[in-house]
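Reproduced below: input21.txt, with compact mmCIF, C-alpha atoms.
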```
# COMPACT_ATOMS: atom_id res chain seq x y z
CA MET F 1 0.00 0.00 0.00
CA SER F 2 1.47 3.39 -1.00
CA LEU F 3 1.35 6.54 1.06
CA SER F 4 -0.71 8.21 -1.63
CA SER F 5 -3.57 5.80 -0.87
CA LEU F 6 -3.90 6.97 2.73
CA PRO F 7 -7.16 8.77 3.53
CA GLY F 8 -6.92 12.51 3.78
CA SER F 9 -7.97 14.58 6.74
CA SER F 10 -11.50 15.88 7.09
CA SER F 11 -12.20 19.59 6.89
CA SER F 12 -14.66 19.24 9.75
CA THR F 13 -11.90 18.44 12.25
CA SER F 14 -9.94 21.07 14.14
CA HIS F 15 -6.61 19.36 13.49
CA PRO F 16 -5.55 17.47 10.35
CA LEU F 17 -4.31 14.52 12.42
CA GLU F 18 -7.52 14.01 14.39
CA PRO F 19 -8.67 11.20 12.06
CA TYR F 20 -5.50 9.36 13.11
CA GLY F 21 -6.06 9.75 16.85
CA TRP F 22 -4.50 13.13 17.65
CA ASP F 23 -5.96 14.69 20.79
CA ALA F 24 -5.21 17.24 23.50
CA GLY F 25 -3.04 14.76 25.38
CA TRP F 26 -0.76 14.14 22.41
CA GLU F 27 -0.66 17.88 21.71
CA ALA F 28 0.60 18.52 25.26
CA GLU F 29 3.20 15.74 24.98
CA PHE F 30 4.44 17.14 21.68
CA ALA F 31 4.67 20.79 22.80
CA PRO F 32 8.43 20.71 23.64
CA TYR F 33 9.25 19.25 20.22
CA GLU F 34 7.00 21.75 18.47
CA ALA F 35 9.03 24.50 20.14
CA GLU F 36 12.11 22.99 18.47
CA GLY F 37 10.41 23.24 15.08
CA LEU F 38 9.84 19.48 14.71
CA LEU F 39 6.85 18.03 12.91
CA ALA F 40 4.27 15.77 14.60
CA GLY F 41 3.16 12.62 12.86
CA ARG F 42 1.86 9.09 13.35
CA VAL F 43 3.70 6.05 12.03
CA VAL F 44 1.53 4.11 9.59
CA ARG F 45 4.15 1.54 8.56
CA VAL F 46 7.72 0.54 9.39
CA ASP F 47 10.00 -1.10 6.86
CA ARG F 48 13.74 -1.83 7.15
CA GLY F 49 14.86 1.13 9.24
CA GLN F 50 12.44 3.56 7.63
CA CYS F 51 8.84 4.44 8.30
CA ASP F 52 5.89 6.04 6.59
CA VAL F 53 4.47 8.88 8.66
CA VAL F 54 1.25 10.83 8.22
CA THR F 55 1.64 14.49 9.25
CA ALA F 56 -0.34 17.72 9.05
CA ASP F 57 1.74 18.56 5.96
CA GLY F 58 0.90 15.23 4.32
CA PRO F 59 2.51 11.78 4.23
CA LEU F 60 6.28 11.42 4.25
CA ARG F 61 9.06 8.87 4.50
CA ALA F 62 11.53 9.11 7.39
CA ASP F 63 14.62 7.30 8.63
CA THR F 64 14.59 5.80 12.15
CA ALA F 65 18.38 5.65 12.61
CA PHE F 66 18.24 8.07 15.56
CA VAL F 67 15.72 5.84 17.37
CA THR F 68 17.25 2.38 16.96
CA PRO F 69 18.50 1.28 20.42
CA HIS F 70 19.66 -2.20 21.36
CA ASP F 71 16.37 -2.73 23.21
CA PRO F 72 13.92 -4.11 20.58
CA LEU F 73 11.00 -2.80 22.63
CA ARG F 74 12.14 0.78 22.07
CA VAL F 75 12.27 0.79 18.28
CA VAL F 76 9.78 2.86 16.30
CA CYS F 77 6.67 0.83 15.50
CA THR F 78 3.31 1.22 13.79
CA GLY F 79 1.01 3.40 15.87
CA ASP F 80 3.77 5.52 17.43
CA TRP F 81 3.46 9.31 17.52
CA VAL F 82 6.80 10.73 16.46
CA ALA F 83 8.71 13.99 16.15
CA VAL F 84 10.14 14.32 12.62
CA GLU F 85 12.63 16.79 11.19
CA PRO F 86 10.72 19.29 9.03
CA GLY F 87 13.16 19.01 6.12
CA GLY F 88 16.27 17.28 4.88
CA ASN F 89 17.09 14.36 2.65
CA PRO F 90 16.70 11.92 4.20
CA ARG F 91 14.37 13.07 6.95
CA TYR F 92 14.86 11.59 10.40
CA VAL F 93 12.58 10.64 13.26
CA ARG F 94 14.09 12.31 16.33
CA THR F 95 12.00 10.45 18.93
CA TYR F 96 8.61 8.95 19.66
CA LEU F 97 6.19 10.16 22.31
CA PRO F 98 5.64 8.03 25.46
CA ARG F 99 3.34 5.15 24.56
CA ARG F 100 -0.06 4.84 26.21
CA THR F 101 -0.26 1.13 25.41
CA ALA F 102 1.99 -1.39 23.66
CA PHE F 103 1.18 -4.84 22.29
CA VAL F 104 4.25 -7.04 22.90
CA ARG F 105 4.97 -10.74 22.33
CA SER F 106 8.12 -12.79 22.85
CA THR F 107 10.22 -13.59 19.79
CA SER F 108 11.14 -17.08 18.66
CA SER F 109 14.84 -16.34 19.20
CA GLN F 110 16.86 -17.87 22.02
CA ARG F 111 17.74 -14.42 23.39
CA SER F 112 14.43 -13.94 25.20
CA GLU F 113 13.59 -10.70 23.46
CA GLY F 114 10.23 -9.05 23.23
CA GLN F 115 8.79 -7.80 19.94
CA ILE F 116 6.49 -4.80 19.89
CA LEU F 117 3.70 -5.23 17.34
CA ALA F 118 1.73 -2.00 17.73
CA ALA F 119 1.60 1.05 19.98
CA ASN F 120 -1.08 3.35 21.36
CA VAL F 121 -3.90 0.87 20.79
CA ASP F 122 -7.32 1.14 22.46
CA HIS F 123 -8.88 -2.11 21.19
CA ALA F 124 -7.21 -5.43 20.38
CA VAL F 125 -9.46 -7.20 17.86
CA ILE F 126 -8.68 -10.92 17.89
CA ALA F 127 -9.91 -12.56 14.68
CA VAL F 128 -10.80 -16.27 15.00
CA SER F 129 -12.00 -18.24 11.99
CA LEU F 130 -15.10 -20.43 12.27
CA ALA F 131 -13.91 -22.39 9.21
CA VAL F 132 -11.90 -24.62 11.55
CA GLU F 133 -12.39 -26.04 15.04
CA LEU F 134 -12.08 -23.44 17.80
CA ASP F 135 -8.77 -23.46 19.68
CA LEU F 136 -9.82 -21.95 23.02
CA GLY F 137 -6.29 -22.19 24.41
CA ARG F 138 -4.94 -20.04 21.59
CA ILE F 139 -7.72 -17.51 22.11
CA GLU F 140 -6.80 -17.32 25.81
CA ARG F 141 -3.16 -16.73 24.83
CA PHE F 142 -4.10 -13.82 22.54
CA LEU F 143 -6.34 -12.42 25.27
CA ALA F 144 -3.52 -12.50 27.83
CA LEU F 145 -1.29 -10.46 25.52
CA ALA F 146 -4.13 -8.08 24.74
CA TRP F 147 -5.00 -7.42 28.40
CA GLU F 148 -1.32 -6.99 29.25
CA SER F 149 -0.94 -4.37 26.51
CA GLY F 150 -3.46 -2.09 28.21
CA ALA F 151 -5.96 -2.37 25.35
CA GLN F 152 -9.53 -3.69 25.59
CA PRO F 153 -9.80 -7.04 23.79
CA VAL F 154 -12.60 -7.96 21.40
CA VAL F 155 -12.97 -11.45 19.92
CA VAL F 156 -14.38 -11.52 16.38
CA LEU F 157 -15.56 -14.89 15.07
CA THR F 158 -15.01 -14.50 11.34
CA LYS F 159 -16.63 -16.47 8.50
CA ALA F 160 -19.84 -16.86 10.51
CA ASP F 161 -21.65 -17.57 7.24
CA LEU F 162 -20.02 -21.03 7.34
CA VAL F 163 -22.16 -21.82 10.42
CA PRO F 164 -25.70 -21.29 9.08
CA ASP F 165 -27.44 -22.94 12.05
CA PRO F 166 -28.09 -20.16 14.61
CA VAL F 167 -28.22 -22.62 17.52
CA THR F 168 -24.79 -24.04 16.66
CA LEU F 169 -23.42 -20.52 16.26
CA SER F 170 -24.79 -19.49 19.65
CA TYR F 171 -23.05 -22.48 21.29
CA LEU F 172 -19.75 -21.50 19.68
CA VAL F 173 -20.16 -17.93 20.93
CA GLN F 174 -20.90 -19.23 24.45
CA ASP F 175 -17.77 -21.41 24.40
CA VAL F 176 -15.63 -18.39 23.58
CA GLU F 177 -17.42 -16.17 26.11
CA THR F 178 -16.59 -18.73 28.82
CA SER F 179 -12.92 -18.40 27.88
CA ALA F 180 -13.07 -14.62 27.59
CA PRO F 181 -14.65 -13.08 30.71
CA GLY F 182 -15.31 -9.38 30.32
CA VAL F 183 -14.74 -9.48 26.56
CA ALA F 184 -17.22 -8.83 23.75
CA VAL F 185 -17.53 -11.79 21.35
CA VAL F 186 -18.89 -10.78 17.93
CA PRO F 187 -19.69 -13.28 15.14
CA VAL F 188 -19.11 -11.59 11.79
CA SER F 189 -19.56 -12.45 8.14
CA SER F 190 -17.50 -10.10 5.98
CA LEU F 191 -19.24 -11.46 2.88
CA GLY F 192 -22.82 -11.16 4.13
CA GLY F 193 -22.25 -8.16 6.38
CA GLU F 194 -23.67 -9.74 9.55
CA GLY F 195 -22.10 -8.32 12.70
CA LEU F 196 -20.11 -5.62 10.89
CA ASP F 197 -22.24 -2.77 12.29
CA THR F 198 -21.60 -4.00 15.82
CA LEU F 199 -17.86 -4.25 15.23
CA ALA F 200 -17.70 -0.88 13.45
CA ALA F 201 -19.35 0.73 16.47
CA ILE F 202 -16.71 -0.79 18.77
CA VAL F 203 -13.69 0.26 16.69
CA GLY F 204 -15.20 3.59 15.66
CA GLY F 205 -13.47 5.39 18.52
CA GLY F 206 -9.72 5.26 19.08
CA THR F 207 -7.17 2.89 17.57
CA SER F 208 -7.71 -0.85 17.06
CA VAL F 209 -5.16 -3.52 16.15
CA LEU F 210 -6.33 -6.55 14.18
CA LEU F 211 -4.68 -9.79 15.34
CA GLY F 212 -4.96 -13.46 14.53
CA GLN F 213 -3.47 -16.40 12.71
CA SER F 214 -2.93 -16.42 8.97
CA GLY F 215 -6.19 -17.44 7.32
CA ALA F 216 -8.39 -15.96 10.05
CA GLY F 217 -9.88 -13.50 7.55
CA LYS F 218 -8.20 -10.35 8.91
CA SER F 219 -7.59 -8.72 5.53
CA THR F 220 -11.15 -9.45 4.38
CA LEU F 221 -12.42 -8.00 7.66
CA ALA F 222 -10.23 -4.92 7.26
CA ASN F 223 -11.56 -4.36 3.74
CA ALA F 224 -15.14 -4.68 5.00
CA LEU F 225 -14.53 -2.06 7.71
CA LEU F 226 -12.75 0.24 5.24
CA GLY F 227 -15.51 -0.12 2.65
CA GLU F 228 -13.00 -0.85 -0.12
CA ASP F 229 -10.44 -3.49 -1.12
CA VAL F 230 -7.29 -1.97 0.36
CA MET F 231 -5.73 -5.17 1.74
CA ASP F 232 -4.84 -8.13 -0.51
CA VAL F 233 -6.82 -11.30 0.17
CA GLN F 234 -5.96 -14.89 -0.73
CA ALA F 235 -7.96 -18.08 -0.32
CA THR F 236 -7.31 -20.41 2.61
CA ARG F 237 -7.77 -24.15 2.92
CA ASP F 238 -11.05 -25.05 4.62
CA VAL F 239 -9.41 -28.18 6.07
CA ASP F 240 -7.05 -26.32 8.40
CA GLY F 241 -7.77 -22.65 7.72
CA LYS F 242 -4.18 -22.04 6.64
CA GLY F 243 -3.06 -19.86 3.81
CA ARG F 244 -0.22 -17.62 2.72
CA HIS F 245 0.39 -14.42 4.63
CA THR F 246 -1.41 -11.73 2.64
CA THR F 247 -0.40 -8.92 5.00
CA THR F 248 3.38 -8.71 5.35
CA THR F 249 3.69 -5.45 7.29
CA ARG F 250 1.69 -3.64 9.96
CA ASN F 251 -0.37 -0.89 8.34
CA LEU F 252 -2.31 1.88 10.04
CA LEU F 253 -5.50 2.92 8.25
CA ALA F 254 -8.06 5.61 9.04
CA LEU F 255 -11.59 4.15 8.99
CA PRO F 256 -14.31 6.06 7.09
CA GLY F 257 -16.70 5.90 10.07
CA GLY F 258 -14.08 7.13 12.52
CA GLY F 259 -11.29 5.38 14.37
CA VAL F 260 -8.02 3.90 13.19
CA LEU F 261 -7.22 0.27 12.31
CA ILE F 262 -3.79 -1.41 12.40
CA ASP F 263 -3.77 -4.57 10.32
CA THR F 264 -1.02 -7.09 11.11
CA PRO F 265 0.47 -10.16 9.43
CA GLY F 266 -0.82 -13.54 10.54
CA LEU F 267 0.92 -14.63 13.73
CA ARG F 268 2.20 -18.20 13.74
CA GLY F 269 3.43 -17.86 17.30
CA VAL F 270 2.07 -15.75 20.13
CA GLY F 271 4.53 -16.23 22.96
CA LEU F 272 3.85 -14.42 26.21
CA TRP F 273 6.10 -11.58 27.30
CA ASP F 274 5.90 -10.66 30.99
CA ALA F 275 2.11 -11.02 30.90
CA GLU F 276 1.29 -11.96 34.49
CA THR F 277 -1.43 -9.33 34.77
CA GLY F 278 -2.90 -10.35 31.41
CA VAL F 279 -3.02 -14.03 32.35
CA GLY F 280 -4.73 -13.14 35.62
CA GLN F 281 -7.33 -11.08 33.75
CA VAL F 282 -8.12 -13.90 31.30
CA PHE F 283 -8.66 -16.34 34.18
CA SER F 284 -10.30 -13.91 36.57
CA GLU F 285 -12.73 -16.55 37.85
CA ILE F 286 -9.80 -18.63 39.09
CA ALA F 287 -8.45 -15.63 41.02
CA GLU F 288 -11.88 -15.17 42.61
CA LEU F 289 -12.04 -18.84 43.59
CA ALA F 290 -8.49 -18.70 44.98
CA GLU F 291 -9.60 -16.13 47.55
CA ARG F 292 -11.58 -18.94 49.22
CA CYS F 293 -8.64 -21.36 49.41
CA ARG F 294 -7.50 -22.39 52.90
CA PHE F 295 -3.90 -21.27 52.25
CA HIS F 296 -3.13 -17.85 50.80
CA ASP F 297 -0.21 -19.28 48.76
CA CYS F 298 -2.22 -22.23 47.45
CA ALA F 299 -0.82 -23.55 44.15
CA HIS F 300 -4.12 -25.29 43.28
CA GLU F 301 -2.41 -28.63 42.76
CA ALA F 302 -3.03 -30.93 45.73
CA GLU F 303 -3.41 -28.66 48.75
CA PRO F 304 -6.22 -29.39 51.23
CA GLY F 305 -9.03 -26.86 51.24
CA CYS F 306 -8.31 -25.67 47.69
CA ALA F 307 -11.42 -23.91 46.41
CA VAL F 308 -10.14 -24.05 42.80
CA LEU F 309 -9.82 -27.84 42.79
CA THR F 310 -13.20 -28.13 44.50
CA ALA F 311 -14.72 -26.02 41.71
CA VAL F 312 -13.20 -28.40 39.14
CA ASP F 313 -14.62 -31.43 40.99
CA THR F 314 -18.11 -29.91 41.11
CA GLY F 315 -18.03 -28.78 37.48
CA GLU F 316 -18.13 -25.09 38.36
CA LEU F 317 -14.72 -24.61 36.71
CA PRO F 318 -13.87 -26.56 33.53
CA GLU F 319 -10.68 -28.57 34.01
CA ARG F 320 -9.50 -27.34 30.60
CA ARG F 321 -9.50 -23.77 31.95
CA LEU F 322 -7.34 -24.72 34.92
CA GLN F 323 -4.88 -26.61 32.70
CA SER F 324 -4.65 -23.66 30.31
CA TYR F 325 -4.12 -21.29 33.23
CA ARG F 326 -1.27 -23.42 34.58
CA LYS F 327 0.33 -23.67 31.14
CA LEU F 328 0.34 -19.91 30.52
CA GLN F 329 1.56 -19.21 34.05
CA ARG F 330 4.50 -21.59 33.64
CA GLU F 331 5.37 -20.15 30.24
CA ASN F 332 5.24 -16.60 31.54
CA GLN F 333 7.43 -17.51 34.52
CA ARG F 334 10.04 -19.02 32.20
CA ILE F 335 10.14 -15.90 30.03
CA VAL F 336 10.45 -13.54 32.99
CA ALA F 337 13.00 -15.75 34.74
CA LYS F 338 15.37 -15.49 31.77
CA THR F 339 15.81 -11.80 32.49
CA ASP F 340 15.14 -11.75 36.25
CA ALA F 341 17.80 -13.39 38.42
CA ARG F 342 15.75 -13.03 41.61
CA LEU F 343 12.79 -14.82 40.06
CA ARG F 344 15.05 -17.58 38.75
CA ALA F 345 16.28 -18.16 42.29
CA GLU F 346 12.70 -18.24 43.61
CA ILE F 347 11.67 -20.77 40.97
CA ARG F 348 14.65 -23.02 41.79
CA LYS F 349 13.76 -22.76 45.48
CA ASP F 350 10.16 -23.71 44.69
CA TRP F 351 11.33 -26.70 42.63
CA LYS F 352 13.50 -27.89 45.51
CA ARG F 353 10.62 -27.47 47.97
CA LYS F 354 8.26 -29.48 45.77
CA GLY F 355 10.96 -32.09 45.22
CA ALA F 356 11.50 -32.43 48.97
CA MET F 357 7.75 -32.73 49.55
CA GLY F 358 7.52 -35.44 46.91
CA LYS F 359 10.49 -37.29 48.38
CA ALA F 360 9.02 -37.11 51.90
CA ALA F 361 5.67 -38.36 50.64
CA MET F 362 7.35 -41.27 48.85
CA GLU F 363 9.41 -42.19 51.91
CA ALA F 364 6.30 -42.06 54.10
CA LYS F 365 4.50 -44.30 51.67
CA ARG F 366 7.39 -46.76 51.62
CA GLY F 367 7.53 -46.70 55.43
CA VAL F 368 3.88 -47.58 55.73
CA HIS F 369 4.30 -50.36 53.18
CA TRP F 370 7.40 -51.70 54.99
CA ARG F 371 5.62 -51.77 58.38
CA ALA F 372 2.68 -53.54 56.79
```

For the file at hand, write its structure as structure tokens.
Amino acid sequence: MSLSSLPGSSSSTSHPLEPYGWDAGWEAEFAPYEAEGLLAGRVVRVDRGQCDVVTADGPLRADTAFVTPHDPLRVVCTGDWVAVEPGGNPRYVRTYLPRRTAFVRSTSSQRSEGQILAANVDHAVIAVSLAVELDLGRIERFLALAWESGAQPVVVLTKADLVPDPVTLSYLVQDVETSAPGVAVVPVSSLGGEGLDTLAAIVGGGTSVLLGQSGAGKSTLANALLGEDVMDVQATRDVDGKGRHTTTTRNLLALPGGGVLIDTPGLRGVGLWDAETGVGQVFSEIAELAERCRFHDCAHEAEPGCAVLTAVDTGELPERRLQSYRKLQRENQRIVAKTDARLRAEIRKDWKRKGAMGKAAMEAKRGVHWRA
């Protein structure tokens, strides 16, 4: 997508950048840079050390060499508000304004680095295809990252036209709602238009990032919200919902009905990155149950008086939810421990404690057997 295809500003707004999310808060943050004669703009795409920026003077291309630290979480990314030199060839981004929110995942590298996907996002729209069987664990993973970012998650069940039976569709929605407390779940058909008005109303204010696996229908959904075919779309296999990545960069687009949308490439992996708060939010019912446990440090494994395990036994809490909770907690601990020496020591201490408890239990069992 070229810069020339970006929507222009509306004459009805008081500032040319308002359609892209500019407000009084950003104006105050930018004031010191304005005094230096720098130009305010929002990053709509980043590509190989350069970025496309929309400004009050129009779109431009800028180099990010001045803002390329060793910390990968501090690089310029789509959604950032930046201060750009007013002239020069090439132009340079001097800095970016403090981020209100940031969507971060862990990379697949062995260096335990985080990767920032989008900044200053109000809604995280998680696209899930109904063309394949629902993977509730993956949805919970996306939700944990979304809550941790500071954005409000929304789950969109795409390709709802493939589930013509309304009863079956309602059951699928209920399954996702159970895994997404406090989150709107919206079934949408981009082809038929069902659910699009509801989603457009949600994303009509602020900035939304569109997330999901390749083949989830994100580009089709983006085109439906934009009212035109801006994003390339390719067919996916109905058997597994997989297809080629049609979106290869993160693009920020102003929506005709208001609001801003950041479309992202399909994510094969969504590793957690220091998402303890996000995991807790996804499994909020477990935290509520834990308050009734006999021991305040209950691990919900085999402790007496554990309200969480009791809830599993009675059917109040699905065992799948508890297993998913444990899995994401362990993963998040491993990620944090790689960069936190104190936490690593605590985890080793906990392993030794559990090992000693297991050894004592085994010895007691053997003693009873021997006496018998």

**Study point:** d(atom CA of F:Leu289, atom CA of F:Glu140) in Å
**Key:** 18.6 Å

Check your understanding: Contacts of F:Glu36 at 12 Å or less, counting only C-alpha atoms, minus same-chain residues fewer than 3 places along, as a ChimeraX atom specification?
Key -> /F:30-33,39-40,83-86,94

Check your understanding: Counting only C-alpha atoms, what is within 7 Å of F:Ile262, bar same-chain residues fewer than 5 positions away, as a list of chain:residue names?
Key ->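 Here the qualifying residues turn out to be F:Ser208, F:Val209, F:Leu210, F:Arg250, F:Asn251, F:Leu252, F:Leu253.
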
Keeping only C-alpha atoms, write the selected residues to a file as a PDB file, in the frame of the given file.
```
ATOM      1  CA  SER F 208      -7.710  -0.850  17.060  1.00  0.00           C
ATOM      2  CA  VAL F 209      -5.160  -3.520  16.150  1.00  0.00           C
ATOM      3  CA  LEU F 210      -6.330  -6.550  14.180  1.00  0.00           C
ATOM      4  CA  ARG F 250       1.690  -3.640   9.960  1.00  0.00           C
ATOM      5  CA  ASN F 251      -0.370  -0.890   8.340  1.00  0.00           C
ATOM      6  CA  LEU F 252      -2.310   1.880  10.040  1.00  0.00           C
ATOM      7  CA  LEU F 253      -5.500   2.920   8.250  1.00  0.00           C
TER       8      LEU F 253
END
```

Identify, on the basis of all atoms listed in the file, every residue whose closest approach to stretch 314-325 of chain F does not exceed 12 Å; exclude the query and any residue fewer than 6 positions from it along the same chain; express the result as a PDB file with C-alpha atoms, in the coordinates of the input.
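The file below, around09.pdb, is the result:
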```pdb
ATOM      1  CA  ASP F 135      -8.770 -23.460  19.680  1.00  0.00           C
ATOM      2  CA  LEU F 136      -9.820 -21.950  23.020  1.00  0.00           C
ATOM      3  CA  GLY F 137      -6.290 -22.190  24.410  1.00  0.00           C
ATOM      4  CA  ARG F 138      -4.940 -20.040  21.590  1.00  0.00           C
ATOM      5  CA  ILE F 139      -7.720 -17.510  22.110  1.00  0.00           C
ATOM      6  CA  GLU F 140      -6.800 -17.320  25.810  1.00  0.00           C
ATOM      7  CA  ARG F 141      -3.160 -16.730  24.830  1.00  0.00           C
ATOM      8  CA  ALA F 144      -3.520 -12.500  27.830  1.00  0.00           C
ATOM      9  CA  ASP F 175     -17.770 -21.410  24.400  1.00  0.00           C
ATOM     10  CA  VAL F 176     -15.630 -18.390  23.580  1.00  0.00           C
ATOM     11  CA  THR F 178     -16.590 -18.730  28.820  1.00  0.00           C
ATOM     12  CA  SER F 179     -12.920 -18.400  27.880  1.00  0.00           C
ATOM     13  CA  ALA F 180     -13.070 -14.620  27.590  1.00  0.00           C
ATOM     14  CA  PRO F 181     -14.650 -13.080  30.710  1.00  0.00           C
ATOM     15  CA  GLU F 276       1.290 -11.960  34.490  1.00  0.00           C
ATOM     16  CA  GLY F 278      -2.900 -10.350  31.410  1.00  0.00           C
ATOM     17  CA  VAL F 279      -3.020 -14.030  32.350  1.00  0.00           C
ATOM     18  CA  GLY F 280      -4.730 -13.140  35.620  1.00  0.00           C
ATOM     19  CA  GLN F 281      -7.330 -11.080  33.750  1.00  0.00           C
ATOM     20  CA  VAL F 282      -8.120 -13.900  31.300  1.00  0.00           C
ATOM     21  CA  PHE F 283      -8.660 -16.340  34.180  1.00  0.00           C
ATOM     22  CA  SER F 284     -10.300 -13.910  36.570  1.00  0.00           C
ATOM     23  CA  GLU F 285     -12.730 -16.550  37.850  1.00  0.00           C
ATOM     24  CA  ILE F 286      -9.800 -18.630  39.090  1.00  0.00           C
ATOM     25  CA  ALA F 287      -8.450 -15.630  41.020  1.00  0.00           C
ATOM     26  CA  GLU F 288     -11.880 -15.170  42.610  1.00  0.00           C
ATOM     27  CA  LEU F 289     -12.040 -18.840  43.590  1.00  0.00           C
ATOM     28  CA  ALA F 290      -8.490 -18.700  44.980  1.00  0.00           C
ATOM     29  CA  ALA F 299      -0.820 -23.550  44.150  1.00  0.00           C
ATOM     30  CA  HIS F 300      -4.120 -25.290  43.280  1.00  0.00           C
ATOM     31  CA  GLU F 301      -2.410 -28.630  42.760  1.00  0.00           C
ATOM     32  CA  ALA F 307     -11.420 -23.910  46.410  1.00  0.00           C
ATOM     33  CA  VAL F 308     -10.140 -24.050  42.800  1.00  0.00           C
ATOM     34  CA  GLU F 331       5.370 -20.150  30.240  1.00  0.00           C
ATOM     35  CA  ASN F 332       5.240 -16.600  31.540  1.00  0.00           C
TER      36      ASN F 332
END
```

**Study point:** Selected residue of minimal separation from F:Gly193 among F:Ser214, F:Ser170, F:Leu145, F:Ala224, counting all atoms listed in the file
**Key:**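 Among the listed residues, F:Ala224 lies closest to F:Gly193.
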
Point to revise | Using all atoms listed in the file: which of F:Val132, F:Ala222, F:Val43, F:Ala184 has the shortest distance to F:Thr264 | key: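 With all atoms listed in the file as the atom set, the closest residue is F:Ala222.
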
**Study point:** Å distance separating atom CA of F:Ser149 from atom CA of F:Arg330, one decimal place
**Key:**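 Value for the atom CA of F:Ser149-atom CA of F:Arg330 distance: 19.4 Å.
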
Review point. By how many Å are atom CA of F:Leu196 and atom CA of F:Thr78 apart?
Key: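 Value for the atom CA of F:Leu196-atom CA of F:Thr78 distance: 24.6 Å.
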
Review point. Got a sec to check which residues sit within 7 Å of (-14.0, -15.2, 16.9), counting only C-alpha atoms, and write them as a count of residues only?
Key: 11

Leaving out F:Leu211 and any residue of its chain fewer than 4 positions from it, which residues lie within 8 Å of it when counting only C-alpha atoms, given as a PDB file with C-alpha atoms, keeping the file's coordinate frame?
```
ATOM      1  CA  ALA F 124      -7.210  -5.430  20.380  1.00  0.00           C
ATOM      2  CA  VAL F 125      -9.460  -7.200  17.860  1.00  0.00           C
ATOM      3  CA  ILE F 126      -8.680 -10.920  17.890  1.00  0.00           C
ATOM      4  CA  ALA F 127      -9.910 -12.560  14.680  1.00  0.00           C
ATOM      5  CA  LYS F 218      -8.200 -10.350   8.910  1.00  0.00           C
ATOM      6  CA  ASP F 263      -3.770  -4.570  10.320  1.00  0.00           C
ATOM      7  CA  THR F 264      -1.020  -7.090  11.110  1.00  0.00           C
ATOM      8  CA  PRO F 265       0.470 -10.160   9.430  1.00  0.00           C
ATOM      9  CA  GLY F 266      -0.820 -13.540  10.540  1.00  0.00           C
ATOM     10  CA  LEU F 267       0.920 -14.630  13.730  1.00  0.00           C
TER      11      LEU F 267
END
```

Name the residues in contact with F:Pro304 at a cut-off of 9 Å, using only C-alpha atoms, excluding same-chain residues fewer than 3 positions from it; report them as a PDB file with C-alpha atoms, in the coordinates of the input.
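Generated output (part-v8.pdb):
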```
ATOM      1  CA  CYS F 293      -8.640 -21.360  49.410  1.00  0.00           C
ATOM      2  CA  ARG F 294      -7.500 -22.390  52.900  1.00  0.00           C
ATOM      3  CA  PHE F 295      -3.900 -21.270  52.250  1.00  0.00           C
ATOM      4  CA  ALA F 307     -11.420 -23.910  46.410  1.00  0.00           C
TER       5      ALA F 307
END
```

Check your understanding: When distances are computed from all atoms listed in the file, which of F:Leu261, F:Leu134, F:Ala118, F:Ala254 shows the smallest separation from F:Val54?
Key ->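 Among the listed residues, F:Ala254 lies closest to F:Val54.
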